[in-house]
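Visitor: Following this message is one structure expressed as structure tokens.
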Amino acid sequence: MNIYLDLFLTFAKVGVCTFGGGYAMLPILQREVVEKKGWSTDEELTDYFAVGQCTPGIIAVNTATFIGYKYKGVSGGVLATLGVVFPSLIIITVIAAFLSSFADIPVVQHALTGINAAVVALIASSVLKLGRSNLKDSLSVCIFLAGLVLAFFLKLSPVLIIICAGLLGYVARTLAGRREGER
């Protein structure tokens, strides 16, 4: 298959999962882009997701753009972005046209409740997979726990948490490297 068509269709498949936003797309991104296509590693996907949170725009769109660009340059970034956005545009247009007529029907409300619960399960699954591949030492575990506490209890901005975590990781690794050099 043409690689550009493959990029578009792969990210269109990811884009179909509009419920739950960018976080809900993470397990599908992980399966399609890391496990099936090999266009990215788990660590790179985590990095793209982190940067995607810090940059303006939608996390899934930013992540698709980063991966497409890494794989096939500007045209790959554009096609991956179009692929991830296209299904959402179609689905949201259809839902917007009909939702107001169906929103009060109990079956629809119950279905949305079930979908939301499944999205939480998918996000939890991705968090566990990414945690296993990224929390490799005590420093990364400590930074993770500190970020979790800051986000959950203090409701700090994700951007601020990511910047602080990056600085802390940089400083800690730099100091550890200097200590190793002195030995």
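Here, A, B, ... name the chains of the structure tokens in the order displayed, residue numbers run from 1 inside each chain, and ligands are numbered from 1 in the same displayed order.
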In stretch 1-150 of chain A, what's helix (DSSP H, G or I) per DSSP? Answer as a ChimeraX atom specification?
Guide: /A:3-15,22-36,42-54,59-102,106-134,138-150
Visitor: Output as CSV one row per residue of stretch 12-111 of chain A within 12 Å of stretch 121-144 of chain A: the closest atom pair and its distance in Å to one decimal place, counting only C-alpha atoms, sorted by chain and residue number ascending.
Guide:
```
residue,atom,partner,partner_atom,distance
A:Cys17,CA,A:Leu122,CA,11.0
A:Phe19,CA,A:Leu122,CA,11.1
A:Gly20,CA,A:Ile123,CA,9.1
A:Gly21,CA,A:Ile123,CA,10.4
A:Gly22,CA,A:Ile123,CA,9.7
A:Tyr23,CA,A:Ile123,CA,6.2
A:Ala24,CA,A:Ile123,CA,5.7
A:Met25,CA,A:Ile123,CA,8.3
A:Leu26,CA,A:Ser126,CA,6.5
A:Pro27,CA,A:Ser126,CA,5.3
A:Ile28,CA,A:Leu122,CA,8.9
A:Leu29,CA,A:Ser126,CA,9.8
A:Gln30,CA,A:Ser126,CA,8.0
A:Arg31,CA,A:Ser126,CA,10.0
A:Val34,CA,A:Leu130,CA,11.7
A:Thr41,CA,A:Ser133,CA,9.9
A:Asp42,CA,A:Leu130,CA,6.8
A:Glu43,CA,A:Asn134,CA,6.6
A:Glu44,CA,A:Asn134,CA,10.2
A:Leu45,CA,A:Leu130,CA,9.0
A:Thr46,CA,A:Leu130,CA,7.2
A:Asp47,CA,A:Asn134,CA,10.2
A:Phe49,CA,A:Leu130,CA,11.0
A:Ala50,CA,A:Leu130,CA,12.0
```
Visitor: Just the number, please: distance in Å from atom CA of A:Gly38 to atom CA of A:Asp6, one decimal.
Guide: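 That distance, rounded to one decimal, is 12.8 Å.
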Visitor: Need to verify the contact set: A:Gly147, 8 Å, only C-alpha atoms, exclusion of same-chain residues closer than 5 positions in sequence. Can you return it as an NGL selection string?
Guide: :A and (161-162 or 165)
Visitor: Distance atom CA of A:Glu32-atom CA of A:Lys70, one decimal place?
Guide: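 Between atom CA of A:Glu32 and atom CA of A:Lys70 the gap works out to 15.5 Å.
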Visitor: Identify which of the residues A:Leu7, A:Ala151, A:Ala60, A:Ile95 lies closest to A:Val33, counting only C-alpha atoms when measuring atom-to-atom distances.
Guide: A:Leu7
Visitor: With only C-alpha atoms as the counted atoms, please give the residues lying no more than 8 Å from A:Val16, apart from itself and same-chain residues fewer than 6 positions off, as JSON, numbers by chain.
Guide: {"A": [84, 87, 88, 91]}
Visitor: Can you tell me, as number ranges by chain, what residues are no more than 7 Å from A:Thr65 when counting only C-alpha atoms, ignoring any on the same chain fewer than 4 positions away?
Guide: A: 61, 69, 77-78, 80-81
Visitor: Now that the selection is made, can you save its residues with all heavy atoms as a JSON list (two decimals), in the first residue's frame?
Guide:
```json
[["chain", "number", "residue", "atom", "x", "y", "z"],
["A", 61, "VAL", "N", -4.20, 15.22, 17.82],
["A", 61, "VAL", "CA", -3.79, 15.85, 16.56],
["A", 61, "VAL", "C", -2.30, 16.17, 16.61],
["A", 61, "VAL", "O", -1.56, 15.90, 15.66],
["A", 61, "VAL", "CB", -4.64, 17.11, 16.28],
["A", 61, "VAL", "CG1", -4.10, 17.87, 15.08],
["A", 61, "VAL", "CG2", -6.09, 16.74, 16.08],
["A", 69, "TYR", "N", 5.30, 13.40, 10.91],
["A", 69, "TYR", "CA", 6.47, 14.18, 10.52],
["A", 69, "TYR", "C", 7.74, 13.38, 10.71],
["A", 69, "TYR", "O", 8.62, 13.38, 9.84],
["A", 69, "TYR", "CB", 6.53, 15.48, 11.32],
["A", 69, "TYR", "CG", 7.73, 16.32, 10.96],
["A", 69, "TYR", "CD1", 7.71, 17.11, 9.81],
["A", 69, "TYR", "CD2", 8.88, 16.30, 11.74],
["A", 69, "TYR", "CE1", 8.81, 17.88, 9.45],
["A", 69, "TYR", "CE2", 9.99, 17.06, 11.39],
["A", 69, "TYR", "CZ", 9.96, 17.85, 10.25],
["A", 69, "TYR", "OH", 11.05, 18.58, 9.89],
["A", 77, "GLY", "N", 3.39, 14.41, 8.16],
["A", 77, "GLY", "CA", 2.73, 15.12, 9.27],
["A", 77, "GLY", "C", 1.36, 15.63, 8.87],
["A", 77, "GLY", "O", 0.40, 15.51, 9.62],
["A", 78, "VAL", "N", 1.27, 16.18, 7.67],
["A", 78, "VAL", "CA", -0.02, 16.71, 7.19],
["A", 78, "VAL", "C", -1.03, 15.57, 7.01],
["A", 78, "VAL", "O", -2.18, 15.67, 7.46],
["A", 78, "VAL", "CB", 0.18, 17.49, 5.86],
["A", 78, "VAL", "CG1", -1.16, 17.80, 5.21],
["A", 78, "VAL", "CG2", 0.96, 18.77, 6.12],
["A", 80, "ALA", "N", -1.04, 12.51, 8.38],
["A", 80, "ALA", "CA", -1.41, 11.91, 9.66],
["A", 80, "ALA", "C", -2.41, 12.81, 10.39],
["A", 80, "ALA", "O", -3.39, 12.33, 10.97],
["A", 80, "ALA", "CB", -0.16, 11.69, 10.52],
["A", 81, "THR", "N", -2.18, 14.10, 10.33],
["A", 81, "THR", "CA", -3.09, 15.06, 10.97],
["A", 81, "THR", "C", -4.47, 15.02, 10.31],
["A", 81, "THR", "O", -5.49, 14.96, 11.00],
["A", 81, "THR", "CB", -2.51, 16.49, 10.89],
["A", 81, "THR", "OG1", -1.22, 16.49, 11.52],
["A", 81, "THR", "CG2", -3.41, 17.50, 11.56]]
```
